[in-house]
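Visitor: What follows is query33.tsv, made up of TSV, C-alpha atoms:
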chain	number	residue	atom	x	y	z
A	147	MET	CA	75.74	-34.20	115.59
A	148	ALA	CA	76.56	-37.76	114.53
A	149	LYS	CA	78.29	-38.17	111.20
A	150	VAL	CA	75.94	-39.24	108.40
A	151	THR	CA	77.02	-42.56	106.92
A	152	ARG	CA	76.28	-44.48	103.75
A	153	ASP	CA	74.11	-46.83	105.84
A	154	ASP	CA	71.93	-43.85	106.81
A	155	VAL	CA	71.46	-42.93	103.14
A	156	ALA	CA	70.59	-46.53	102.24
A	157	ARG	CA	67.97	-46.77	105.03
A	158	LEU	CA	66.28	-43.51	104.03
A	159	ALA	CA	66.31	-44.41	100.33
A	160	GLY	CA	65.11	-47.95	101.01
A	161	THR	CA	67.98	-49.61	99.22
A	162	SER	CA	71.35	-51.25	99.89
A	163	THR	CA	74.65	-49.52	100.61
A	164	ALA	CA	75.99	-51.11	97.41
A	165	VAL	CA	73.38	-49.27	95.35
A	166	VAL	CA	74.25	-46.02	97.14
A	167	SER	CA	77.87	-46.65	96.16
A	168	TYR	CA	76.89	-47.22	92.52
A	169	VAL	CA	75.04	-43.90	92.47
A	170	ILE	CA	77.89	-41.97	94.10
A	171	ASN	CA	80.54	-43.50	91.85
A	172	ASN	CA	78.46	-43.68	88.65
A	173	GLY	CA	79.02	-47.44	88.54
A	174	PRO	CA	80.28	-50.02	88.11
A	175	ARG	CA	76.69	-51.30	87.87
A	176	PRO	CA	73.70	-49.39	86.47
A	177	VAL	CA	70.98	-48.08	88.78
A	178	ALA	CA	67.33	-47.63	87.77
A	179	PRO	CA	66.40	-43.93	87.35
A	180	ALA	CA	63.75	-44.01	90.09
A	181	THR	CA	66.16	-45.64	92.55
A	182	ARG	CA	68.88	-43.15	91.64
A	183	GLU	CA	66.50	-40.26	92.34
A	184	ARG	CA	65.62	-41.71	95.78
A	185	VAL	CA	69.29	-42.08	96.66
A	186	LEU	CA	70.15	-38.55	95.50
A	187	ALA	CA	67.17	-37.16	97.47
A	188	ALA	CA	68.35	-39.01	100.59
A	189	ILE	CA	71.90	-37.68	100.14
A	190	LYS	CA	70.57	-34.14	99.87
A	191	GLU	CA	68.18	-34.48	102.83
A	192	LEU	CA	70.82	-35.95	105.14
A	193	GLY	CA	73.66	-33.75	103.90
A	194	TYR	CA	75.81	-36.81	103.24
A	195	ARG	CA	79.39	-36.19	102.09
A	196	PRO	CA	81.36	-39.20	100.78
A	197	ASP	CA	84.72	-39.85	102.45
A	198	ARG	CA	86.94	-39.57	99.39
A	199	VAL	CA	90.06	-40.65	101.26
A	200	ALA	CA	88.39	-43.86	102.43
A	201	GLN	CA	87.08	-44.48	98.92
A	202	ALA	CA	90.54	-44.06	97.45
A	203	MET	CA	92.07	-46.43	100.02
A	204	ALA	CA	89.41	-49.06	99.31
A	205	SER	CA	89.58	-48.82	95.51
A	206	ARG	CA	93.28	-47.90	95.31
A	207	ARG	CA	92.17	-45.11	92.95
A	208	THR	CA	91.32	-41.45	93.55
A	209	ASP	CA	89.01	-39.08	91.70
A	210	LEU	CA	92.10	-37.41	90.29
A	211	ILE	CA	93.57	-37.41	86.79
A	212	GLY	CA	97.21	-36.42	86.47
A	213	MET	CA	98.23	-34.32	83.47
A	214	ILE	CA	101.80	-33.46	82.49
A	215	VAL	CA	102.48	-30.69	79.96
A	216	PRO	CA	105.78	-29.22	78.74
A	217	ASP	CA	104.95	-25.61	79.68
A	218	ALA	CA	101.52	-24.39	80.83
A	219	ARG	CA	102.61	-20.79	80.24
A	220	GLN	CA	102.32	-21.38	76.50
A	221	PRO	CA	98.77	-20.62	75.30
A	222	PHE	CA	98.34	-23.94	73.46
A	223	PHE	CA	99.14	-26.05	76.53
A	224	ALA	CA	97.13	-23.76	78.81
A	225	GLU	CA	94.07	-24.11	76.57
A	226	MET	CA	94.58	-27.88	76.30
A	227	ALA	CA	94.85	-28.26	80.08
A	228	HIS	CA	91.69	-26.21	80.56
A	229	ALA	CA	89.83	-28.38	78.04
A	230	VAL	CA	90.97	-31.54	79.86
A	231	GLU	CA	89.85	-30.07	83.19
A	232	GLN	CA	86.38	-29.33	81.77
A	233	ALA	CA	86.07	-32.81	80.25
A	234	ALA	CA	87.21	-34.43	83.51
A	235	ALA	CA	84.70	-32.40	85.54
A	236	GLU	CA	81.92	-33.81	83.36
A	237	ARG	CA	83.08	-37.26	84.51
A	238	GLY	CA	83.27	-36.26	88.19
A	239	LYS	CA	87.08	-36.07	88.21
A	240	MET	CA	89.60	-33.37	89.09
A	241	VAL	CA	92.89	-32.69	87.29
A	242	LEU	CA	96.36	-32.15	88.73
A	243	VAL	CA	98.75	-30.44	86.28
A	244	GLY	CA	102.54	-30.61	86.33
A	245	ASN	CA	105.01	-28.86	84.03
A	246	SER	CA	107.94	-30.89	82.68
A	247	ASP	CA	109.69	-27.73	81.38
A	248	TYR	CA	110.84	-29.88	78.42
A	249	ARG	CA	113.11	-31.88	80.76
A	250	ASP	CA	113.16	-35.65	81.16
A	251	GLU	CA	113.85	-35.53	84.88
A	252	ARG	CA	110.87	-33.24	85.52
A	253	GLU	CA	108.59	-35.47	83.45
A	254	VAL	CA	109.68	-38.53	85.43
A	255	HIS	CA	109.29	-36.60	88.70
A	256	TYR	CA	105.62	-35.87	87.97
A	257	LEU	CA	105.01	-39.37	86.67
A	258	ARG	CA	106.19	-40.81	90.00
A	259	ALA	CA	104.33	-38.20	92.05
A	260	PHE	CA	100.99	-38.58	90.29
A	261	LEU	CA	101.12	-42.37	90.03
A	262	GLY	CA	102.09	-42.52	93.70
A	263	MET	CA	98.89	-40.60	94.47
A	264	ARG	CA	96.93	-43.42	92.79
A	265	VAL	CA	95.37	-41.14	90.18
A	266	SER	CA	92.57	-42.69	88.13
A	267	GLY	CA	94.70	-42.18	85.04
A	268	LEU	CA	97.41	-40.05	83.52
A	269	ILE	CA	97.27	-37.80	80.44
A	270	LEU	CA	100.75	-37.13	79.16
A	271	VAL	CA	101.67	-34.33	76.78
A	272	SER	CA	105.23	-35.55	76.48
A	273	GLN	CA	108.16	-33.21	75.99
A	274	GLY	CA	109.83	-35.73	73.70
A	275	PRO	CA	111.04	-39.33	73.55
A	276	SER	CA	111.94	-40.50	77.04
A	277	GLU	CA	113.08	-44.04	77.80
A	278	ARG	CA	112.98	-43.18	81.51
A	279	ALA	CA	109.34	-42.10	81.29
A	280	ALA	CA	108.45	-45.25	79.37
A	281	ALA	CA	110.14	-47.43	82.03
A	282	GLU	CA	108.30	-45.58	84.81
A	283	ILE	CA	104.93	-46.11	83.14
A	284	GLU	CA	105.64	-49.80	82.64
A	285	ALA	CA	106.82	-50.25	86.23
A	286	TRP	CA	103.58	-48.78	87.63
A	287	ASP	CA	101.36	-50.52	85.04
A	288	ALA	CA	99.74	-47.12	84.68
A	289	ARG	CA	96.64	-46.07	82.76
A	290	VAL	CA	98.18	-43.54	80.40
A	291	VAL	CA	96.88	-41.70	77.36
A	292	LEU	CA	99.25	-39.65	75.24
A	293	LEU	CA	97.85	-36.32	74.07
A	294	HIS	CA	99.12	-34.09	71.24
A	295	GLU	CA	102.40	-35.97	70.90
A	296	ARG	CA	103.20	-39.67	70.51
A	297	PRO	CA	106.86	-40.44	71.25
A	298	GLU	CA	108.08	-43.77	69.91
A	299	ALA	CA	109.47	-44.77	73.31
A	300	ILE	CA	105.99	-44.87	74.89
A	301	ASP	CA	103.57	-47.32	73.29
A	302	ASP	CA	100.26	-46.16	74.76
A	303	VAL	CA	96.95	-45.00	73.36
A	304	ALA	CA	97.34	-41.56	71.78
A	305	VAL	CA	95.04	-38.68	70.82
A	306	VAL	CA	96.54	-36.37	68.21
A	307	THR	CA	95.60	-33.99	65.41
A	308	ASP	CA	96.54	-34.26	61.72
A	309	ASP	CA	99.71	-32.21	62.06
A	310	VAL	CA	101.17	-33.12	58.66
A	311	GLY	CA	97.96	-32.39	56.77
A	312	GLY	CA	97.38	-29.12	58.60
A	313	ALA	CA	100.89	-27.86	57.86
A	314	GLN	CA	100.44	-28.79	54.20
A	315	LEU	CA	97.21	-26.76	54.08
A	316	ALA	CA	98.88	-23.68	55.56
A	317	THR	CA	101.96	-23.87	53.32
A	318	ARG	CA	99.93	-24.47	50.16
A	319	HIS	CA	97.76	-21.50	51.03
A	320	LEU	CA	100.78	-19.22	51.40
A	321	LEU	CA	102.15	-20.44	48.06
A	322	GLU	CA	98.78	-19.87	46.38
A	323	HIS	CA	99.18	-16.17	47.21
A	324	GLY	CA	102.03	-16.08	44.68
A	325	ASN	CA	104.95	-16.22	47.12
A	326	ALA	CA	108.13	-17.54	45.52
A	327	TYR	CA	108.67	-19.85	48.48
A	328	VAL	CA	107.74	-20.31	52.13
A	329	ALA	CA	110.31	-20.46	54.91
A	330	CYS	CA	109.58	-22.55	58.00
A	331	LEU	CA	110.20	-21.65	61.61
A	332	GLY	CA	110.60	-25.04	63.28
A	333	GLY	CA	111.69	-26.00	66.77
A	334	VAL	CA	115.01	-25.90	68.61
A	335	ASP	CA	116.02	-29.34	67.34
A	336	SER	CA	117.13	-29.55	63.70
A	337	THR	CA	116.02	-33.22	63.60
A	338	PRO	CA	112.95	-33.52	65.90
A	339	ALA	CA	111.89	-37.02	66.90
A	340	VAL	CA	109.24	-39.10	65.22
A	341	GLY	CA	105.88	-38.44	66.87
A	342	ASP	CA	106.79	-34.84	67.73
A	343	PRO	CA	104.07	-32.52	66.34
A	344	VAL	CA	106.71	-30.00	65.25
A	345	ALA	CA	108.42	-32.74	63.21
A	346	ASP	CA	105.07	-33.35	61.53
A	347	HIS	CA	104.57	-29.63	60.90
A	348	ILE	CA	107.97	-29.50	59.23
A	349	GLU	CA	107.13	-32.61	57.21
A	350	GLY	CA	103.87	-31.06	56.04
A	351	TRP	CA	105.71	-27.88	55.03
A	352	ARG	CA	108.29	-29.94	53.11
A	353	ARG	CA	105.61	-31.92	51.28
A	354	ALA	CA	103.76	-28.79	50.19
A	355	MET	CA	106.98	-27.16	49.02
A	356	HIS	CA	108.15	-30.22	47.11
A	357	GLU	CA	104.81	-30.88	45.46
A	358	SER	CA	104.92	-27.30	44.13
A	359	GLY	CA	108.46	-27.76	42.83
A	360	ARG	CA	110.10	-25.51	45.45
A	361	SER	CA	113.29	-26.36	47.29
A	362	THR	CA	113.43	-26.41	51.09
A	363	GLU	CA	117.22	-26.12	51.17
A	364	GLY	CA	118.31	-23.42	53.61
A	365	ARG	CA	114.71	-22.41	54.32
A	366	LEU	CA	114.14	-24.18	57.65
A	367	PHE	CA	115.09	-22.11	60.69
A	368	GLN	CA	115.33	-23.17	64.32
A	369	ALA	CA	113.49	-21.22	66.99
A	370	PRO	CA	112.16	-21.88	70.50
A	371	TYR	CA	108.41	-22.41	70.69
A	372	ASN	CA	107.64	-19.30	72.73
A	373	ARG	CA	106.97	-15.86	71.24
A	374	TYR	CA	109.74	-14.07	73.11
A	375	ASP	CA	112.64	-16.15	71.80
A	376	ALA	CA	110.99	-16.57	68.39
A	377	TYR	CA	110.82	-12.77	68.20
A	378	GLN	CA	114.61	-12.58	68.62
A	379	VAL	CA	115.14	-15.18	65.88
A	380	ALA	CA	112.71	-13.36	63.59
A	381	LEU	CA	114.46	-10.00	64.11
A	382	GLU	CA	117.70	-11.47	62.75
A	383	LEU	CA	116.00	-13.36	59.92
A	384	LEU	CA	113.84	-10.46	58.73
A	385	ALA	CA	116.64	-7.90	58.97
A	386	GLY	CA	118.96	-10.04	56.83
A	387	PRO	CA	119.56	-9.79	53.09
A	388	ASP	CA	117.55	-12.94	52.26
A	389	ARG	CA	114.29	-12.08	53.92
A	390	PRO	CA	111.67	-14.70	52.97
A	391	PRO	CA	108.43	-13.60	51.32
A	392	ALA	CA	106.38	-15.89	53.56
A	393	ILE	CA	106.90	-17.83	56.81
A	394	PHE	CA	105.02	-20.84	58.15
A	395	CYS	CA	105.54	-21.16	61.91
A	396	ALA	CA	105.27	-24.48	63.76
A	397	THR	CA	103.32	-22.77	66.57
A	398	ASP	CA	101.12	-19.71	66.90
A	399	ASP	CA	103.31	-18.43	69.71
A	400	GLN	CA	106.25	-18.34	67.30
A	401	ALA	CA	104.09	-16.58	64.71
A	402	ILE	CA	103.10	-13.94	67.27
A	403	GLY	CA	106.83	-13.31	67.82
A	404	VAL	CA	107.35	-13.01	64.05
A	405	LEU	CA	104.52	-10.47	63.73
A	406	ARG	CA	106.04	-8.39	66.55
A	407	ALA	CA	109.47	-8.44	64.88
A	408	ALA	CA	107.98	-7.45	61.51
A	409	ARG	CA	106.14	-4.55	63.12
A	410	GLU	CA	109.32	-3.34	64.82
A	411	LEU	CA	111.24	-3.52	61.51
A	412	ARG	CA	108.39	-1.74	59.69
A	413	ILE	CA	107.77	-4.71	57.40
A	414	ASP	CA	104.19	-4.73	56.21
A	415	VAL	CA	102.26	-7.93	56.90
A	416	PRO	CA	100.88	-9.25	54.61
A	417	GLY	CA	102.04	-6.79	51.92
A	418	GLU	CA	105.76	-7.59	52.26
A	419	LEU	CA	105.62	-10.73	54.40
A	420	ALA	CA	102.92	-13.39	54.67
A	421	VAL	CA	102.70	-15.34	57.94
A	422	ALA	CA	100.80	-18.44	59.08
A	423	GLY	CA	100.94	-20.41	62.32
A	424	PHE	CA	99.61	-23.62	63.82
A	425	ASP	CA	97.25	-24.22	66.82
A	426	ASP	CA	94.66	-21.41	66.53
A	427	VAL	CA	95.12	-20.22	70.09
A	428	LYS	CA	92.63	-17.55	71.18
A	429	GLU	CA	95.16	-14.75	70.72
A	430	ALA	CA	95.55	-15.61	67.02
A	431	GLY	CA	92.39	-13.65	66.19
A	432	LEU	CA	93.61	-10.59	68.13
A	433	THR	CA	97.06	-10.08	66.60
A	434	ASP	CA	97.73	-7.25	64.16
A	435	PRO	CA	96.96	-8.37	61.54
A	436	PRO	CA	94.87	-11.36	62.70
A	437	LEU	CA	96.83	-14.58	62.21
A	438	THR	CA	96.02	-17.23	59.62
A	439	THR	CA	96.59	-20.54	61.34
A	440	VAL	CA	95.68	-24.22	61.63
A	441	PHE	CA	92.88	-25.24	63.97
A	442	SER	CA	93.00	-28.36	66.12
A	443	ASP	CA	89.85	-29.35	68.01
A	444	ARG	CA	91.24	-29.23	71.56
A	445	PRO	CA	87.89	-29.71	73.36
A	446	ALA	CA	87.14	-32.86	71.34
A	447	MET	CA	90.68	-34.15	71.82
A	448	ALA	CA	90.47	-33.49	75.57
A	449	ARG	CA	87.16	-35.35	75.87
A	450	ALA	CA	88.58	-38.29	73.93
A	451	ALA	CA	91.68	-38.39	76.15
A	452	VAL	CA	89.62	-38.32	79.36
A	453	ASP	CA	87.25	-41.01	78.07
A	454	LEU	CA	90.17	-43.21	77.06
A	455	VAL	CA	92.06	-42.85	80.31
A	456	LEU	CA	88.98	-43.68	82.40
A	457	ASP	CA	87.33	-46.40	80.31
A	458	ASP	CA	89.30	-49.60	79.83
A	459	SER	CA	86.79	-50.76	77.21
A	460	LEU	CA	87.81	-47.83	74.99
A	461	ARG	CA	91.55	-48.43	75.33
A	462	VAL	CA	91.95	-50.32	72.09
A	463	SER	CA	94.53	-53.10	71.99
A	464	GLY	CA	96.29	-54.02	68.78
A	465	SER	CA	98.76	-52.36	66.45
A	466	ARG	CA	100.24	-48.93	67.06
A	467	ARG	CA	98.06	-47.47	64.30
A	468	GLU	CA	94.89	-48.95	65.84
A	469	ARG	CA	95.77	-47.31	69.17
A	470	LEU	CA	95.90	-43.86	67.56
A	471	LYS	CA	92.90	-41.50	67.56
A	472	GLN	CA	93.56	-38.73	65.07
A	473	PHE	CA	91.41	-35.61	64.68
A	474	PRO	CA	91.37	-33.60	61.45
A	475	SER	CA	92.94	-30.16	61.32
A	476	ALA	CA	91.54	-27.15	59.46
A	477	LEU	CA	92.93	-23.93	58.04
A	478	VAL	CA	91.55	-20.77	59.64
A	479	VAL	CA	91.98	-17.92	57.15
A	480	ARG	CA	92.60	-14.43	58.52
A	481	ARG	CA	94.58	-11.45	57.19
A	482	SER	CA	98.24	-12.29	57.90
A	483	CYS	CA	98.43	-14.52	54.79
A	484	GLY	CA	97.15	-11.85	52.41
A	485	CYS	CA	93.45	-12.71	52.45
A	486	GLY	CA	90.67	-10.46	53.54
A	487	GLU	CA	89.11	-12.00	56.63
A	488	PRO	CA	86.05	-14.04	55.54
A	489	PRO	CA	82.93	-14.70	57.63
A	490	ALA	CA	83.61	-17.13	60.47
A	491	ALA	CA	81.44	-19.85	58.90
A	492	ASP	CA	83.56	-19.81	55.73
A	493	ARG	CA	87.00	-20.02	57.32
A	494	PRO	CA	87.87	-23.65	58.04
A	495	LEU	CA	89.45	-25.70	55.25
A	496	GLN	CA	89.98	-29.23	56.56
A	497	SER	CA	93.01	-31.38	55.93
Can I see the file as structure tokens?
Guide:
Amino acid sequence: MAKVTRDDVARLAGTSTAVVSYVINNGPRPVAPATRERVLAAIKELGYRPDRVAQAMASRRTDLIGMIVPDARQPFFAEMAHAVEQAAAERGKMVLVGNSDYRDEREVHYLRAFLGMRVSGLILVSQGPSERAAAEIEAWDARVVLLHERPEAIDDVAVVTDDVGGAQLATRHLLEHGNAYVACLGGVDSTPAVGDPVADHIEGWRRAMHESGRSTEGRLFQAPYNRYDAYQVALELLAGPDRPPAIFCATDDQAIGVLRAARELRIDVPGELAVAGFDDVKEAGLTDPPLTTVFSDRPAMARAAVDLVLDDSLRVSGSRRERLKQFPSALVVRRSCGCGEPPAADRPLQS
């Protein structure tokens, strides 16, 4: 059987091959609804399958979006990648995901690999400030949107959440329960870079502590972002003589590790220790007790990132602030802070 071509579709639909192309590619020019229906009916009747390789060679772009995350094993990044994949599918695109493992050389490796594949755009959840990554992006003149984190070295459009405001909400809430102070479980770096969400979480914690007249001296502790290593840090902290009455964790994964350590040490949560996290991963509602945390709207952020990376008209030029799309965060109240768990509709308190 002869291969069905775009010319065959155009003849059956009574239109030009250019119009068939516009229908298949959703642009760049609009097509009247009746004409679109004729073309789609012809495609279905003939069983036409577009040659994606030929399309990519002609346009120098593929139907792929590259996405680089620090570690897809962590629930937050896994959920973010899934949200991006869903948003991309709505636009007729597929997503390739690479893990930088928090290493500059891995981030650059995936940048080169994805850009070499002529992806339609790149969504970068950076592992931190990287001059090498910034140089690579500039060399390829790539369409890049930063998601979740905005390192100073890379001056591209960014989609983030209100990390400072969300951390303030969580810390204030823990203090409002009558705790003398709130300790903070930050990241592995004692001085995280500007644009790092964990740096903003620490800043929000500091602001809430200072505005309530509490000192933060000696109350910030370093811990890896994953639950397993955070659990080890929490075991030592909670078993020590200066056990804090409350802990705000920069990530939910850390908080899950803290809850496990408290359970092992027979420390009652929230009776003897109040805990809050940040991210509202799906597991946060299933911990024992359920975890009070800060919600970030990952589906909305993912849709915004996909729209921005595909649509040049939405990639705003101008100052760094103008190129930033920030979503509000909200406190999700559960039992780990000392509250009874309210109805779902009453939980979010926005920053």
Visitor: Hey, what's within 8 Å of Val243 (chain A) if we count all atoms listed in the file and toss same-chain stuff fewer than 2 positions away? As an NGL selection string, please?
Guide: :A and (212-215 or 227 or 241 or 245)
Visitor: Select, from A:Gln232, A:Asn172, A:Ser266, A:Asn325, the residue with the minimum atom-to-atom distance to Gly417 (chain A), counting all atoms listed in the file.
Guide: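 When distances to Gly417 (chain A) are compared using all atoms listed in the file, the smallest one comes from A:Asn325.
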Visitor: When you look at Glu363 (chain A) with a cut-off of 12 Å (counting only C-alpha atoms), what residues show up, excluding the ones that are within fewer than 6 positions of it in the same chain? I need them as a VMD selection string.
Guide: chain A and resid 327 to 330 352 355 to 356
Visitor: Would you work out the distance separating CA of Val478 (chain A) from CA of Ala316 (chain A), expressed in Å to one decimal?
Guide: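 Between CA of Val478 (chain A) and CA of Ala316 (chain A) the gap works out to 8.9 Å.
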Visitor: (110.4, -43.1, 83.8) in this file's frame - what residues fall within 8 Å of it? Use all atoms listed in the file and give the answer as a VMD selection string.
Guide: chain A and resid 253 to 254 257 to 258 276 to 283
Visitor: Report as a Markdown table the residues of region 196-312 of chain A within 10 Å of region 395-399 of chain A, each with its shortest atom pair and distance in Å (one decimal), using only C-alpha atoms, ordered by chain and increasing residue number.
Guide:
| residue | atom | partner | partner_atom | distance |
| --- | --- | --- | --- | --- |
| A:Gln220 | CA | A:Asp399 | CA | 7.5 |
| A:Pro221 | CA | A:Asp399 | CA | 7.5 |
| A:Phe222 | CA | A:Asp398 | CA | 8.3 |
| A:Asp309 | CA | A:Ala396 | CA | 9.7 |
Visitor: One decimal, Å: what's the distance from CA of Pro436 (chain A) over to CA of Tyr371 (chain A), could you say?
Guide: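 Straight-line distance from CA of Pro436 (chain A) to CA of Tyr371 (chain A) works out to 19.2 Å.
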Visitor: Between A:Lys149, A:Arg373, A:Arg444, A:Arg249, which has the minimum distance to Phe223 (chain A) (counting all atoms listed in the file)?
Guide: A:Arg444
Visitor: I'd like the interatomic distance between CA of Leu210 (chain A) and CA of Met240 (chain A), to a tenth of an Å.
Guide: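 Straight-line distance from CA of Leu210 (chain A) to CA of Met240 (chain A) works out to 4.9 Å.
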Visitor: Could you give me, as a list in words, the residues that sit within 8 Å of (108.5, -12.3, 67.9) in the file's coordinates, counting all atoms listed in the file?
Guide: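 Protein, DNA and RNA residues close to (108.5, -12.3, 67.9): Arg373, Tyr374, Asp375, Ala376, Tyr377, Gln378, Val379, Ala380, Leu381, Gln400, Ala401, Ile402, Gly403, Val404, Leu405, Arg406 and Ala407 of chain A.
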Visitor: Compare A:Met263, A:Val306, A:Ile189, A:Val415 by their minimum atom-to-atom distance to Arg469 (chain A), counting all atoms listed in the file, and give me the closest one.
Guide: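 Closest to Arg469 (chain A), using all atoms listed in the file: A:Val306.
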Visitor: In terms of the shortest atom-to-atom distance over all atoms listed in the file, which of A:Ala235, A:Ser246, A:His319, A:His347 is closest to Arg219 (chain A)?
Guide: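 Among A:Ala235, A:Ser246, A:His319, A:His347, it is A:Ser246 that comes nearest to Arg219 (chain A).
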Visitor: Which of these residues is nearest to Lys471 (chain A), using all atoms listed in the file: A:Ala304, A:Ala430, A:Ala285, A:Val177?
Guide: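 Closest to Lys471 (chain A) of all the choices is A:Ala304.
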Visitor: Here is a test: counting only C-alpha atoms, which residue of A:Gly238, A:Gly312, A:Gly244, A:Gly486 is nearest to Asp217 (chain A)?
Guide: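 Going through A:Gly238, A:Gly312, A:Gly244, A:Gly486 one by one, the smallest distance to Asp217 (chain A) is for A:Gly244.
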Visitor: List as a count of residues only the protein and nucleic acid residues near region 288-291 of chain A, meaning an atom at most 7 Å away when all atoms listed in the file are counted, but skip any in the same chain fewer than 5 places from it.
Guide: 11
